[in-house]
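**Q** Before we start, here is the structure in question, set down as structure tokens.
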Protein chains: 2
Amino acid sequence: MSEGPTGETVVELAKRRGFFFPSSGAYGGVAGFYTYGPEGAALKRHVEDAWRERFSVREDNLELDAPTIMPEPVFEASGHLDTFDDMLVECAECGESHRADHLVEGATGIEDAEALPIPEVETIVREEAIECPACGASLAGEPVTEFNLMFETAIGPGSGSPGYLRPETAQGIFVEFPLLREYARNQLPFGVTQIGRAYRNEISPRRAIVRVRELTQAELELFVDPETDRPDLSGVADTSLPLYSVEAQDGEGGPVEMTLGAAVSEGVLENEWIAYYLGIAAEWYERIGVDMDRFRFRQHLPGERAHYAADCWDAEAEVDGNWIEIAGFAYRGEYDLSKHAEHADEEFTVFRQYDEPVTVERATVDPDMSYLGPEFGGAAAGIAEELARLAERDREAFDGEAVVVTVDGESYEIPTEVTGFAVEEVTESGEHVVPHVVEPSFGVDRTVYTLIDHAYREDEVDDETRRFLAFEPEVAPTFVGVFPLMDRDGMGDRASALARELRESGFSVSYDDSGNIGRRYRRQDEVGTPFGVTVDYESVEDDTVTLRDRDSTRQIRLPSDELVGRLHELRYGRATFADLADEYEELTERAENPTET
Amino acid sequence: MSEGPTGETVVELAKRRGFFFPSSGAYGGVAGFYTYGPEGAALKRHVEDAWRERFSVREDNLELDAPTIMPEPVFEASGHLDTFDDMLVECAECGESHRADHLVEGATGIEDAEALPIPEVETIVREEAIECPACGASLAGEPVTEFNLMFETAIGPGSGSPGYLRPETAQGIFVEFPLLREYARNQLPFGVTQIGRAYRNEISPRRAIVRVRELTQAELELFVDPETDRPDLSGVADTSLPLYSVEAQDGEGGPVEMTLGAAVSEGVLENEWIAYYLGIAAEWYERIGVDMDRFRFRQHLPGERAHYAADCWDAEAEVDGNWIEIAGFAYRGEYDLSKHAEHADEEFTVFRQYDEPVTVERATVDPDMSYLGPEFGGAAAGIAEELARLAERDREAFDGEAVVVTVDGESYEIPTEVTGFAVEEVTESGEHVVPHVVEPSFGVDRTVYTLIDHAYREDEVDDETRRFLAFEPEVAPTFVGVFPLMDRDGMGDRASALARELRESGFSVSYDDSGNIGRRYRRQDEVGTPFGVTVDYESVEDDTVTLRDRDSTRQIRLPSDELVGRLHELRYGRATFADLADEYEELTERAENPTET
């Protein structure tokens, strides 16, 4: 299936050229932690900027920046403390830890072993005679346990109070809903984004930055009124989506390519909000350089889906022969805000104003306490409360002479006349609703990995294999390399002045004057720099420079003072390199054949 | 001293308008954790971007992005595990924890109680009868202990291996020196920057985002050859610096304003690298909006300085009547890399090539093991090693008939002729040097706090007190607000199209169509938006808009299609609002007095 490079190729290039590498290597490292070198840090930042532009700024959402450590009650409410677990099995022989569900999946072809109950997993381990991947000893009979993936720490001096590194940025948004609602002026829908670290104490981290213990997420939590809010699909209805629905996964045909509009009208995408975000996500992925032939949206199987999620789709990319999840799109209903409302001290609702005030009948009581008090003593207050509840629930109970209520297991008979029962007409201008949450959640590290993998190319240049990364200009770590042919005869000074000018015009620039020019081009090719500018002897004479295109290795010659404008056109897609090659054909040819002039 | 707002004013405004607020308030919060709301997150990001532009991009440094969790051996080497402590005293009465050194400073006027030995602090607490600030009980006799400020956690399943949240971003750079050196092609000097989270489990967090437990740092580690590398001071020699040297702190006069050039030549700044960074930092602080009348560079007193730091200066800003440290500039010598070289498995040096190869005499031995072996048995190998060391140290020891060496406390006499002693001439092309570290380290949160405090203004507009934040356009959360006078008669559509156009031109835009126009102006004033564009009835007729200046509240009228160009001029300081007011005076007056046209 894969047309891309092997995982080894990506990991080797990433370390050698400074994209990413295992952290603290001088100390032997620790699994699941990776550091981004200069090229990777820039690539990752550009991915974050592009995400922010598309999912926060252009959608008019609010962006938040919350701490990564949060106190325990937050995760009691969110459910992470109880259920954010993976299945752990330890090898009695060598002590290595493994994810039991992954072993089961590998041995049986079961696709979502995570959803199986633990005893069943233990049975499969025994019956399939699964062995420890590290030492080969049998794991049959070893206990499978739930291991909570949150990193715990203690806040404050002494033994402190328990805190956890957030397992997702989302909780930093949900807990602040009461304030965020005010910043959004109490109007639904509104969205809040956050780009930041999240932490998962994975049992077996793997595949470089694909499954790490410290990751970067870009999340959007959209709060909507489930009754009245609908997305505007007009801008994305014609977007083509490769949809791998539950149904398609049941068959053999693979994902089905269809327009978003058709997918909604045919019911493949049941939720319009999810459809909306799949649409803008597909466009965004293509824009930043994901190979859309190695991309799909896969619907969660019923067993994968959290019980509260009405629907959930993953964005998946194919790297190194495997499909990996790079984003998830979930309709989470009222789950998150209801949970926090239950546990916290604030309201997590928004007031929905009716178009017109409505008049409703409401049954109320106003018990005569001067009767209830003397008659029932300490039970009087409880009786009054119960009467109020009863009036709301069942007005007919007040039709007779007396009403019977039960408080703390004891029955009391109250004369109806002392309950102050009445049915009133009340005018209500609106009601409090718990917003539903739509959550597009992106893994930044996996996106970075995908971009490197999908950008990897090899070709033949001057009878040698050339490796290069065909990054989109928007995300490439460096946009343009500047090289003096040699650092003498004024070429170095001109080139560094040019580099400065390009930097001040907002481009990311790499200046390189060491080694022969061919080696310098290769170096920039390998880190995916789209363009290279060379200052040569002719530049010093006639104030022109050469501009080299990474993908074609073609070069053109143009006047130095037109460079900034042209690079802007290339950067924002207003011109292609081929356009410029046509425009500057004469100048380029003249320079190549100076005797002809 | 202060001309700024009170701390309460800043904190109230920050929460109401979405700059920052205590995290997880719905759960009662936990001291020392703050969340940036939409305005604060944007302000903070713009500060980070401005820092990156000045200290990383323009200086041609490498930027890194490392994990925040690091394994224990790193902090054994760095010394944080042993010495990153604060003095803790707990009240036996109410259980509250306090920083003992802060209590001592408050009670005595001692300035750096942190440097005192613990028994002395305990004595002062007793003699000064210091009381618990929380409950008033006497703390005399309570033990003062060292409390390590690192947050600890466990990495991996089971009991895991110990890991710590990094207390500074710097360690993520130092440990990767062996690889970073390669990315820098083994050439000194080179600098590496990182912007990211750091964690300090403060005993008593205070003053909002000034002393928090989770913070953001922007750090630069410059690796230099101490013998040969010098900064180019020519660009900053005339920069004026408010220097509060150790000497000046001894007197009454306060900081002394002098040019960087004079400070170096007069020896106030002894280290040229520190001088260089103070120069560019001063310019940068002014550029982003720090009030330079409430700013100084203060030299560390001998007691404050880490033992390895040759010199250290803090950038300090005055907020709420106090001076707070917002950055530190330290010459750390070879401390950091030597420590890691001692503890880790790699070399932390750079090869310094000599201008010309040098020939040196070297004394060597080549012991005759066929003699040493039979003669000394198991001690022979140790003797051979000791002979080699002795030859390097003291060649004259080999002048006589026999040499005496001591191995494991025993003396051995060896005939000189079997040692193979010789003096050779060796040609060396260079040597391995441990780079020295220059570290400018910036606190991003404190910078954000300072910018809000220093930007705070009050004036009278329409007989009401107006509060506004006079942010520089480069860092303001929003650059321009766009308002339809009312959302009808085509004004809303025009305004939102304009907002979209401005966003696509790279401006941060806030669109607001709710409430009366005066209230909308005030809202933008309070979040520091420099400019406002209003689309009114006239706009619909003649395609002009009004542009409002936050600081003067003055408005001018200009054609819509000239807006983007003019805003670019304002954004990059190529024009002031007053310039534009002159240029558009006629159009503006005509619009104000339509009958005159």
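Residue numbering restarts at 1 in every chain; chains get A, B, ... in the order shown in the structure tokens, and ligands count up from 1 in that same order.
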What residues in chain A lie within 8 Å of chain B, counting only C-alpha atoms, written as a short mmCIF file (atom, residue, chain, number, x, y, z; two decimals) with all heavy atoms, in the first residue's frame?
**A**
data_model
loop_
_atom_site.label_atom_id
_atom_site.label_comp_id
_atom_site.auth_asym_id
_atom_site.auth_seq_id
_atom_site.Cartn_x
_atom_site.Cartn_y
_atom_site.Cartn_z
N ARG A 17 19.14 15.60 10.38
CA ARG A 17 18.90 16.96 9.93
C ARG A 17 18.24 17.86 10.97
O ARG A 17 17.91 19.00 10.69
CB ARG A 17 18.06 16.93 8.65
CG ARG A 17 18.84 16.52 7.42
CD ARG A 17 19.99 17.49 7.18
NE ARG A 17 20.76 17.16 6.00
CZ ARG A 17 22.03 17.52 5.83
NH1 ARG A 17 22.66 18.21 6.77
NH2 ARG A 17 22.67 17.18 4.75
N GLY A 18 17.98 17.30 12.16
CA GLY A 18 17.43 18.16 13.22
C GLY A 18 15.94 18.36 13.18
O GLY A 18 15.46 19.44 13.52
N SER A 23 14.87 12.23 23.31
CA SER A 23 15.42 13.21 24.26
C SER A 23 16.45 12.59 25.19
O SER A 23 16.40 11.39 25.49
CB SER A 23 14.30 13.79 25.12
OG SER A 23 13.30 14.35 24.31
N SER A 24 17.33 13.43 25.71
CA SER A 24 18.30 13.05 26.75
C SER A 24 19.10 11.81 26.36
O SER A 24 19.41 10.96 27.19
CB SER A 24 17.58 12.79 28.09
OG SER A 24 16.84 13.92 28.48
N GLY A 25 19.46 11.73 25.08
CA GLY A 25 20.24 10.60 24.60
C GLY A 25 21.57 10.43 25.33
O GLY A 25 22.04 9.30 25.50
N ALA A 26 22.15 11.51 25.79
CA ALA A 26 23.43 11.43 26.50
C ALA A 26 23.27 10.67 27.82
O ALA A 26 24.25 10.21 28.41
CB ALA A 26 23.98 12.83 26.75
N TYR A 27 22.02 10.56 28.29
CA TYR A 27 21.75 9.81 29.52
C TYR A 27 21.02 8.50 29.21
O TYR A 27 20.35 7.94 30.08
CB TYR A 27 20.92 10.66 30.49
CG TYR A 27 21.74 11.78 31.08
CD1 TYR A 27 21.74 13.04 30.50
CD2 TYR A 27 22.54 11.56 32.20
CE1 TYR A 27 22.51 14.05 31.03
CE2 TYR A 27 23.31 12.57 32.73
CZ TYR A 27 23.30 13.81 32.14
OH TYR A 27 24.08 14.82 32.66
N GLY A 29 18.49 8.21 27.45
CA GLY A 29 17.11 8.52 27.06
C GLY A 29 16.08 7.84 27.93
O GLY A 29 16.40 7.08 28.86
N VAL A 30 14.81 8.15 27.66
CA VAL A 30 13.71 7.47 28.33
C VAL A 30 12.58 7.38 27.31
O VAL A 30 12.27 8.36 26.62
CB VAL A 30 13.32 8.19 29.65
CG1 VAL A 30 13.12 9.68 29.43
CG2 VAL A 30 12.08 7.60 30.27
N PHE A 33 9.79 10.12 24.87
CA PHE A 33 10.04 11.56 24.90
C PHE A 33 10.95 11.94 23.75
O PHE A 33 12.05 11.39 23.60
CB PHE A 33 10.66 11.97 26.24
CG PHE A 33 9.73 11.79 27.40
CD1 PHE A 33 9.74 10.62 28.14
CD2 PHE A 33 8.81 12.77 27.72
CE1 PHE A 33 8.85 10.43 29.19
CE2 PHE A 33 7.92 12.59 28.77
CZ PHE A 33 7.94 11.41 29.51
N TYR A 34 10.50 12.87 22.95
CA TYR A 34 11.26 13.31 21.78
C TYR A 34 11.46 14.82 21.82
O TYR A 34 10.60 15.56 22.29
CB TYR A 34 10.53 12.92 20.49
CG TYR A 34 10.87 11.50 20.07
CD1 TYR A 34 10.34 10.40 20.74
CD2 TYR A 34 11.78 11.28 19.04
CE1 TYR A 34 10.68 9.11 20.37
CE2 TYR A 34 12.13 9.99 18.67
CZ TYR A 34 11.58 8.91 19.34
OH TYR A 34 11.93 7.64 18.97
N THR A 35 12.63 15.23 21.34
CA THR A 35 12.92 16.66 21.23
C THR A 35 12.90 17.06 19.77
O THR A 35 13.43 16.33 18.92
CB THR A 35 14.30 16.96 21.85
OG1 THR A 35 14.24 16.71 23.25
CG2 THR A 35 14.71 18.42 21.61
N TYR A 36 12.28 18.19 19.48
CA TYR A 36 12.32 18.74 18.14
C TYR A 36 13.56 19.60 17.99
O TYR A 36 13.77 20.54 18.76
CB TYR A 36 11.08 19.60 17.87
CG TYR A 36 9.82 18.77 17.72
CD1 TYR A 36 9.00 18.51 18.80
CD2 TYR A 36 9.49 18.23 16.48
CE1 TYR A 36 7.86 17.73 18.67
CE2 TYR A 36 8.34 17.45 16.35
CZ TYR A 36 7.54 17.21 17.44
OH TYR A 36 6.42 16.43 17.30
N GLY A 37 14.39 19.26 17.00
CA GLY A 37 15.54 20.08 16.69
C GLY A 37 15.11 21.32 15.91
O GLY A 37 13.91 21.54 15.71
N PRO A 38 16.06 22.13 15.47
CA PRO A 38 15.72 23.40 14.84
C PRO A 38 14.75 23.25 13.66
O PRO A 38 13.80 24.03 13.55
CB PRO A 38 17.08 23.93 14.36
CG PRO A 38 18.06 23.30 15.31
CD PRO A 38 17.52 21.95 15.64
N ALA A 41 11.27 21.97 15.09
CA ALA A 41 10.57 22.97 15.89
C ALA A 41 9.91 23.99 14.98
O ALA A 41 8.77 24.42 15.23
CB ALA A 41 11.54 23.66 16.85
N ALA A 42 10.59 24.36 13.89
CA ALA A 42 10.01 25.34 12.96
C ALA A 42 8.83 24.73 12.20
O ALA A 42 7.78 25.34 12.06
CB ALA A 42 11.08 25.83 11.98
N ARG A 58 -9.96 32.23 11.66
CA ARG A 58 -10.94 32.36 10.59
C ARG A 58 -12.34 31.95 11.04
O ARG A 58 -13.33 32.44 10.52
CB ARG A 58 -10.49 31.53 9.37
CG ARG A 58 -11.10 32.10 8.14
CD ARG A 58 -10.52 31.92 6.79
NE ARG A 58 -9.42 31.08 6.52
CZ ARG A 58 -9.41 30.27 5.46
NH1 ARG A 58 -10.46 30.15 4.69
NH2 ARG A 58 -8.33 29.57 5.18
N LEU A 62 -12.40 31.66 20.26
CA LEU A 62 -11.55 32.23 21.30
C LEU A 62 -10.40 31.25 21.57
O LEU A 62 -10.61 30.05 21.63
CB LEU A 62 -12.35 32.40 22.60
CG LEU A 62 -13.66 33.19 22.48
CD1 LEU A 62 -14.44 33.10 23.80
CD2 LEU A 62 -13.36 34.64 22.14
N GLU A 63 -9.20 31.78 21.74
CA GLU A 63 -8.08 30.88 22.07
C GLU A 63 -7.68 31.04 23.53
O GLU A 63 -7.61 32.14 24.05
CB GLU A 63 -6.87 31.16 21.17
CG GLU A 63 -5.75 30.17 21.43
CD GLU A 63 -4.61 30.23 20.41
OE1 GLU A 63 -4.76 30.92 19.39
OE2 GLU A 63 -3.58 29.58 20.66
N LEU A 64 -7.41 29.89 24.16
CA LEU A 64 -7.09 29.85 25.58
C LEU A 64 -5.70 29.28 25.77
O LEU A 64 -5.20 28.55 24.92
CB LEU A 64 -8.10 28.91 26.24
CG LEU A 64 -8.42 29.12 27.70
CD1 LEU A 64 -9.19 30.41 27.85
CD2 LEU A 64 -9.27 27.97 28.21
N ASP A 65 -5.08 29.59 26.91
CA ASP A 65 -3.76 29.04 27.20
C ASP A 65 -3.76 28.70 28.69
O ASP A 65 -3.57 29.56 29.53
CB ASP A 65 -2.70 30.10 26.85
CG ASP A 65 -1.28 29.62 27.07
OD1 ASP A 65 -1.08 28.47 27.51
OD2 ASP A 65 -0.35 30.42 26.80
N ALA A 66 -4.01 27.43 29.00
CA ALA A 66 -4.21 26.99 30.38
C ALA A 66 -3.02 26.18 30.86
O ALA A 66 -2.25 25.66 30.06
CB ALA A 66 -5.48 26.16 30.47
N PRO A 67 -2.87 26.05 32.18
CA PRO A 67 -1.77 25.23 32.72
C PRO A 67 -1.93 23.76 32.34
O PRO A 67 -3.03 23.28 32.08
CB PRO A 67 -1.91 25.39 34.23
CG PRO A 67 -2.75 26.58 34.44
CD PRO A 67 -3.66 26.67 33.25
N THR A 68 -0.81 23.04 32.37
CA THR A 68 -0.82 21.61 32.05
C THR A 68 -1.07 20.77 33.29
O THR A 68 -1.48 19.62 33.19
CB THR A 68 0.51 21.19 31.42
OG1 THR A 68 1.57 21.50 32.32
CG2 THR A 68 0.74 21.92 30.10
N ILE A 69 -0.78 21.33 34.47
CA ILE A 69 -1.09 20.64 35.73
C ILE A 69 -2.47 21.07 36.18
O ILE A 69 -2.75 22.26 36.23
CB ILE A 69 -0.08 20.99 36.84
CG1 ILE A 69 1.35 20.57 36.45
CG2 ILE A 69 -0.48 20.34 38.17
CD1 ILE A 69 2.39 20.91 37.51
N MET A 70 -3.31 20.10 36.52
CA MET A 70 -4.64 20.45 37.02
C MET A 70 -4.94 19.62 38.27
O MET A 70 -4.43 18.51 38.42
CB MET A 70 -5.69 20.20 35.93
CG MET A 70 -5.44 21.02 34.66
SD MET A 70 -6.74 20.79 33.40
CE MET A 70 -8.03 21.85 34.07
N PRO A 71 -5.79 20.18 39.16
CA PRO A 71 -6.04 19.49 40.42
C PRO A 71 -6.96 18.27 40.24
O PRO A 71 -7.70 18.17 39.28
CB PRO A 71 -6.70 20.56 41.29
CG PRO A 71 -7.30 21.52 40.32
CD PRO A 71 -6.45 21.49 39.09
N PRO A 73 -9.83 17.10 41.51
CA PRO A 73 -11.28 17.10 41.31
C PRO A 73 -11.70 17.23 39.84
O PRO A 73 -12.75 16.73 39.43
CB PRO A 73 -11.75 18.31 42.12
CG PRO A 73 -10.68 18.51 43.16
CD PRO A 73 -9.40 18.09 42.51
N VAL A 74 -10.87 17.91 39.05
CA VAL A 74 -11.18 18.07 37.63
C VAL A 74 -11.29 16.70 36.96
O VAL A 74 -12.19 16.45 36.15
CB VAL A 74 -10.10 18.92 36.93
CG1 VAL A 74 -10.29 18.91 35.41
CG2 VAL A 74 -10.09 20.35 37.47
N SER A 97 6.89 -4.43 30.29
CA SER A 97 5.45 -4.15 30.30
C SER A 97 4.91 -4.06 28.88
O SER A 97 5.59 -3.53 28.00
CB SER A 97 5.18 -2.81 31.00
OG SER A 97 5.66 -2.85 32.32
N PHE A 147 -4.18 0.15 33.85
CA PHE A 147 -3.14 1.09 34.26
C PHE A 147 -3.58 2.51 33.86
O PHE A 147 -3.81 2.78 32.69
CB PHE A 147 -1.82 0.73 33.60
CG PHE A 147 -0.72 1.73 33.84
CD1 PHE A 147 -0.18 1.88 35.12
CD2 PHE A 147 -0.23 2.52 32.81
CE1 PHE A 147 0.82 2.82 35.35
CE2 PHE A 147 0.77 3.45 33.04
CZ PHE A 147 1.30 3.60 34.31
N PHE A 151 -0.08 11.14 34.35
CA PHE A 151 1.08 11.38 35.20
C PHE A 151 0.61 12.13 36.44
O PHE A 151 -0.03 13.18 36.34
CB PHE A 151 2.11 12.27 34.48
CG PHE A 151 2.91 11.57 33.42
CD1 PHE A 151 2.59 11.69 32.08
CD2 PHE A 151 4.01 10.80 33.77
CE1 PHE A 151 3.35 11.06 31.10
CE2 PHE A 151 4.78 10.17 32.80
CZ PHE A 151 4.45 10.29 31.46
N GLU A 152 0.96 11.60 37.60
CA GLU A 152 0.54 12.23 38.85
C GLU A 152 1.69 13.02 39.45
O GLU A 152 2.86 12.67 39.27
CB GLU A 152 0.08 11.14 39.84
CG GLU A 152 -0.54 11.73 41.10
CD GLU A 152 -1.05 10.67 42.09
OE1 GLU A 152 -0.98 9.47 41.73
OE2 GLU A 152 -1.48 11.06 43.18
N THR A 153 1.36 14.08 40.16
CA THR A 153 2.38 14.80 40.92
C THR A 153 1.71 15.38 42.16
O THR A 153 0.52 15.16 42.39
CB THR A 153 3.06 15.88 40.06
OG1 THR A 153 4.22 16.37 40.74
CG2 THR A 153 2.12 17.04 39.75
N ALA A 154 2.50 16.07 42.98
CA ALA A 154 1.95 16.65 44.20
C ALA A 154 2.18 18.16 44.15
O ALA A 154 3.28 18.62 43.85
CB ALA A 154 2.62 16.06 45.43
N ILE A 155 1.13 18.91 44.43
CA ILE A 155 1.20 20.37 44.37
C ILE A 155 1.37 20.93 45.77
O ILE A 155 0.59 20.61 46.66
CB ILE A 155 -0.08 20.95 43.74
CG1 ILE A 155 -0.33 20.35 42.35
CG2 ILE A 155 0.01 22.47 43.66
CD1 ILE A 155 -1.70 20.68 41.77
N GLY A 156 2.37 21.78 45.95
CA GLY A 156 2.56 22.45 47.23
C GLY A 156 3.48 21.69 48.14
O GLY A 156 3.83 20.53 47.89
N PRO A 157 3.90 22.35 49.23
CA PRO A 157 4.89 21.74 50.13
C PRO A 157 4.30 20.59 50.95
O PRO A 157 3.10 20.36 50.93
CB PRO A 157 5.31 22.90 51.01
CG PRO A 157 4.18 23.87 50.97
CD PRO A 157 3.50 23.69 49.66
N GLY A 172 -8.86 21.89 30.22
CA GLY A 172 -8.52 23.28 30.55
C GLY A 172 -9.54 24.27 29.99
O GLY A 172 -9.66 25.39 30.47
N VAL A 175 -13.40 23.31 32.17
CA VAL A 175 -13.54 23.81 33.55
C VAL A 175 -13.71 25.32 33.58
O VAL A 175 -14.23 25.85 34.56
CB VAL A 175 -12.34 23.43 34.46
CG1 VAL A 175 -12.25 21.93 34.63
CG2 VAL A 175 -11.03 24.01 33.96
N GLU A 176 -13.27 26.03 32.54
CA GLU A 176 -13.41 27.48 32.55
C GLU A 176 -14.66 27.95 31.82
O GLU A 176 -14.83 29.15 31.57
CB GLU A 176 -12.17 28.15 31.93
CG GLU A 176 -10.84 27.70 32.49
CD GLU A 176 -10.68 27.89 34.00
OE1 GLU A 176 -11.57 28.50 34.63
OE2 GLU A 176 -9.69 27.39 34.55
N PRO A 178 -17.68 28.61 32.72
CA PRO A 178 -18.45 29.73 33.29
C PRO A 178 -17.88 31.10 32.92
O PRO A 178 -18.63 32.04 32.68
CB PRO A 178 -18.38 29.46 34.79
CG PRO A 178 -18.21 27.97 34.89
CD PRO A 178 -17.33 27.61 33.73
N LEU A 180 -15.68 31.60 30.25
CA LEU A 180 -15.62 31.68 28.78
C LEU A 180 -16.97 32.13 28.22
O LEU A 180 -17.05 32.90 27.27
CB LEU A 180 -15.22 30.33 28.20
CG LEU A 180 -13.78 29.91 28.52
CD1 LEU A 180 -13.55 28.46 28.15
CD2 LEU A 180 -12.80 30.81 27.77
N TYR A 183 -17.02 35.75 28.29
CA TYR A 183 -16.21 36.36 27.22
C TYR A 183 -16.94 36.26 25.89
O TYR A 183 -16.75 37.08 25.01
CB TYR A 183 -14.83 35.70 27.12
CG TYR A 183 -14.00 35.80 28.39
CD1 TYR A 183 -13.09 34.81 28.75
CD2 TYR A 183 -14.14 36.90 29.24
CE1 TYR A 183 -12.34 34.91 29.91
CE2 TYR A 183 -13.40 37.00 30.41
CZ TYR A 183 -12.50 35.99 30.74
OH TYR A 183 -11.77 36.09 31.89
N ASN A 201 0.92 8.58 30.01
CA ASN A 201 1.99 7.69 30.46
C ASN A 201 1.86 6.34 29.77
O ASN A 201 1.58 5.32 30.42
CB ASN A 201 1.92 7.57 31.98
CG ASN A 201 3.23 7.07 32.56
OD1 ASN A 201 4.20 6.83 31.84
ND2 ASN A 201 3.25 6.90 33.87
N GLU A 202 2.06 6.32 28.46
CA GLU A 202 1.88 5.13 27.64
C GLU A 202 2.65 3.92 28.20
O GLU A 202 3.78 4.07 28.66
CB GLU A 202 2.38 5.39 26.21
CG GLU A 202 1.63 6.46 25.46
CD GLU A 202 0.26 6.00 24.97
OE1 GLU A 202 -0.05 4.80 25.08
OE2 GLU A 202 -0.51 6.87 24.50
N ILE A 203 2.04 2.77 28.13
CA ILE A 203 2.71 1.55 28.57
C ILE A 203 3.86 1.21 27.62
O ILE A 203 4.96 0.91 28.06
CB ILE A 203 1.69 0.37 28.63
CG1 ILE A 203 0.70 0.64 29.76
CG2 ILE A 203 2.41 -0.96 28.82
CD1 ILE A 203 -0.50 -0.30 29.78
N GLU A 214 4.64 12.59 25.95
CA GLU A 214 4.35 14.03 26.03
C GLU A 214 4.08 14.50 24.61
O GLU A 214 4.94 14.34 23.75
CB GLU A 214 5.53 14.77 26.65
CG GLU A 214 5.28 16.27 26.74
CD GLU A 214 6.34 17.00 27.55
OE1 GLU A 214 7.09 16.37 28.30
OE2 GLU A 214 6.40 18.24 27.41
N ALA A 344 -18.77 20.52 40.19
CA ALA A 344 -18.21 21.83 40.54
C ALA A 344 -19.27 22.74 41.14
O ALA A 344 -20.45 22.39 41.19
CB ALA A 344 -17.58 22.47 39.32
N ASP A 345 -18.80 23.92 41.54
CA ASP A 345 -19.68 24.84 42.26
C ASP A 345 -20.33 25.89 41.37
O ASP A 345 -20.80 26.90 41.86
CB ASP A 345 -18.87 25.58 43.31
CG ASP A 345 -18.61 24.70 44.52
OD1 ASP A 345 -19.42 23.78 44.72
OD2 ASP A 345 -17.63 24.94 45.22
N GLU A 346 -20.31 25.70 40.07
CA GLU A 346 -20.85 26.74 39.21
C GLU A 346 -21.84 26.16 38.20
O GLU A 346 -21.91 24.95 38.00
CB GLU A 346 -19.72 27.43 38.45
CG GLU A 346 -18.62 27.92 39.37
CD GLU A 346 -18.14 29.29 38.98
OE1 GLU A 346 -18.86 29.99 38.24
OE2 GLU A 346 -17.03 29.65 39.42
N ARG A 503 14.66 38.48 5.55
CA ARG A 503 14.15 38.26 6.90
C ARG A 503 13.23 39.40 7.31
O ARG A 503 12.18 39.18 7.89
CB ARG A 503 15.31 38.19 7.89
CG ARG A 503 15.76 36.79 8.11
CD ARG A 503 16.75 36.62 9.26
NE ARG A 503 17.41 35.35 9.04
CZ ARG A 503 18.72 35.18 8.90
NH1 ARG A 503 19.55 36.22 9.01
NH2 ARG A 503 19.21 33.99 8.69
#
**Q** Enumerate the residues of range 455-591 of chain B with a DSSP assignment of helix (DSSP H, G or I), computed from the backbone, and present them as an MDAnalysis selection string.
**A** chainID B and resid 455 491:504 517:526 537:542 560:571 577:583 585:591
**Q** Near Ala218 in chain B, within 8 Å and counting only C-alpha atoms, which residues show up once chain neighbours fewer than 5 positions away are dropped, as a ChimeraX atom specification?
**A** /B:48,51,169,193-196,441-444
**Q** Restricted to N, CA and C atoms, what would the selected residues look like written as a CSV table (one decimal), in the first residue's frame?
**A**
chain,number,residue,atom,x,y,z
B,48,GLU,N,5.9,36.4,22.8
B,48,GLU,CA,6.8,35.3,22.4
B,48,GLU,C,7.3,35.4,20.9
B,51,TRP,N,9.9,38.1,20.8
B,51,TRP,CA,11.2,37.6,21.4
B,51,TRP,C,11.9,36.7,20.4
B,169,THR,N,13.8,25.8,31.1
B,169,THR,CA,13.9,25.2,29.8
B,169,THR,C,15.3,24.9,29.4
B,193,THR,N,17.8,28.6,21.3
B,193,THR,CA,16.8,29.2,22.1
B,193,THR,C,15.7,28.2,22.3
B,194,GLN,N,14.9,28.5,23.3
B,194,GLN,CA,13.7,27.7,23.6
B,194,GLN,C,12.6,28.5,24.3
B,195,ILE,N,11.4,28.4,23.8
B,195,ILE,CA,10.3,29.1,24.5
B,195,ILE,C,9.4,28.0,25.0
B,196,GLY,N,9.1,27.9,26.3
B,196,GLY,CA,8.3,26.8,26.8
B,196,GLY,C,8.0,26.9,28.2
B,441,SER,N,17.8,34.8,30.1
B,441,SER,CA,16.6,34.0,30.4
B,441,SER,C,15.4,35.0,30.8
B,442,PHE,N,14.4,34.9,30.0
B,442,PHE,CA,13.2,35.8,30.2
B,442,PHE,C,12.0,35.1,30.7
B,443,GLY,N,11.3,35.7,31.7
B,443,GLY,CA,10.1,35.3,32.2
B,443,GLY,C,8.9,35.8,31.4
B,444,VAL,N,8.2,35.0,30.6
B,444,VAL,CA,7.2,35.5,29.7
B,444,VAL,C,6.0,36.0,30.5
**Q** Just the residues within 12 Å of Leu260 in chain B, please, counting only C-alpha atoms, with nothing from its chain fewer than 4 positions along; format it as a PyMOL selection string.
**A** chain B and resi 233-243+256+264-283+297
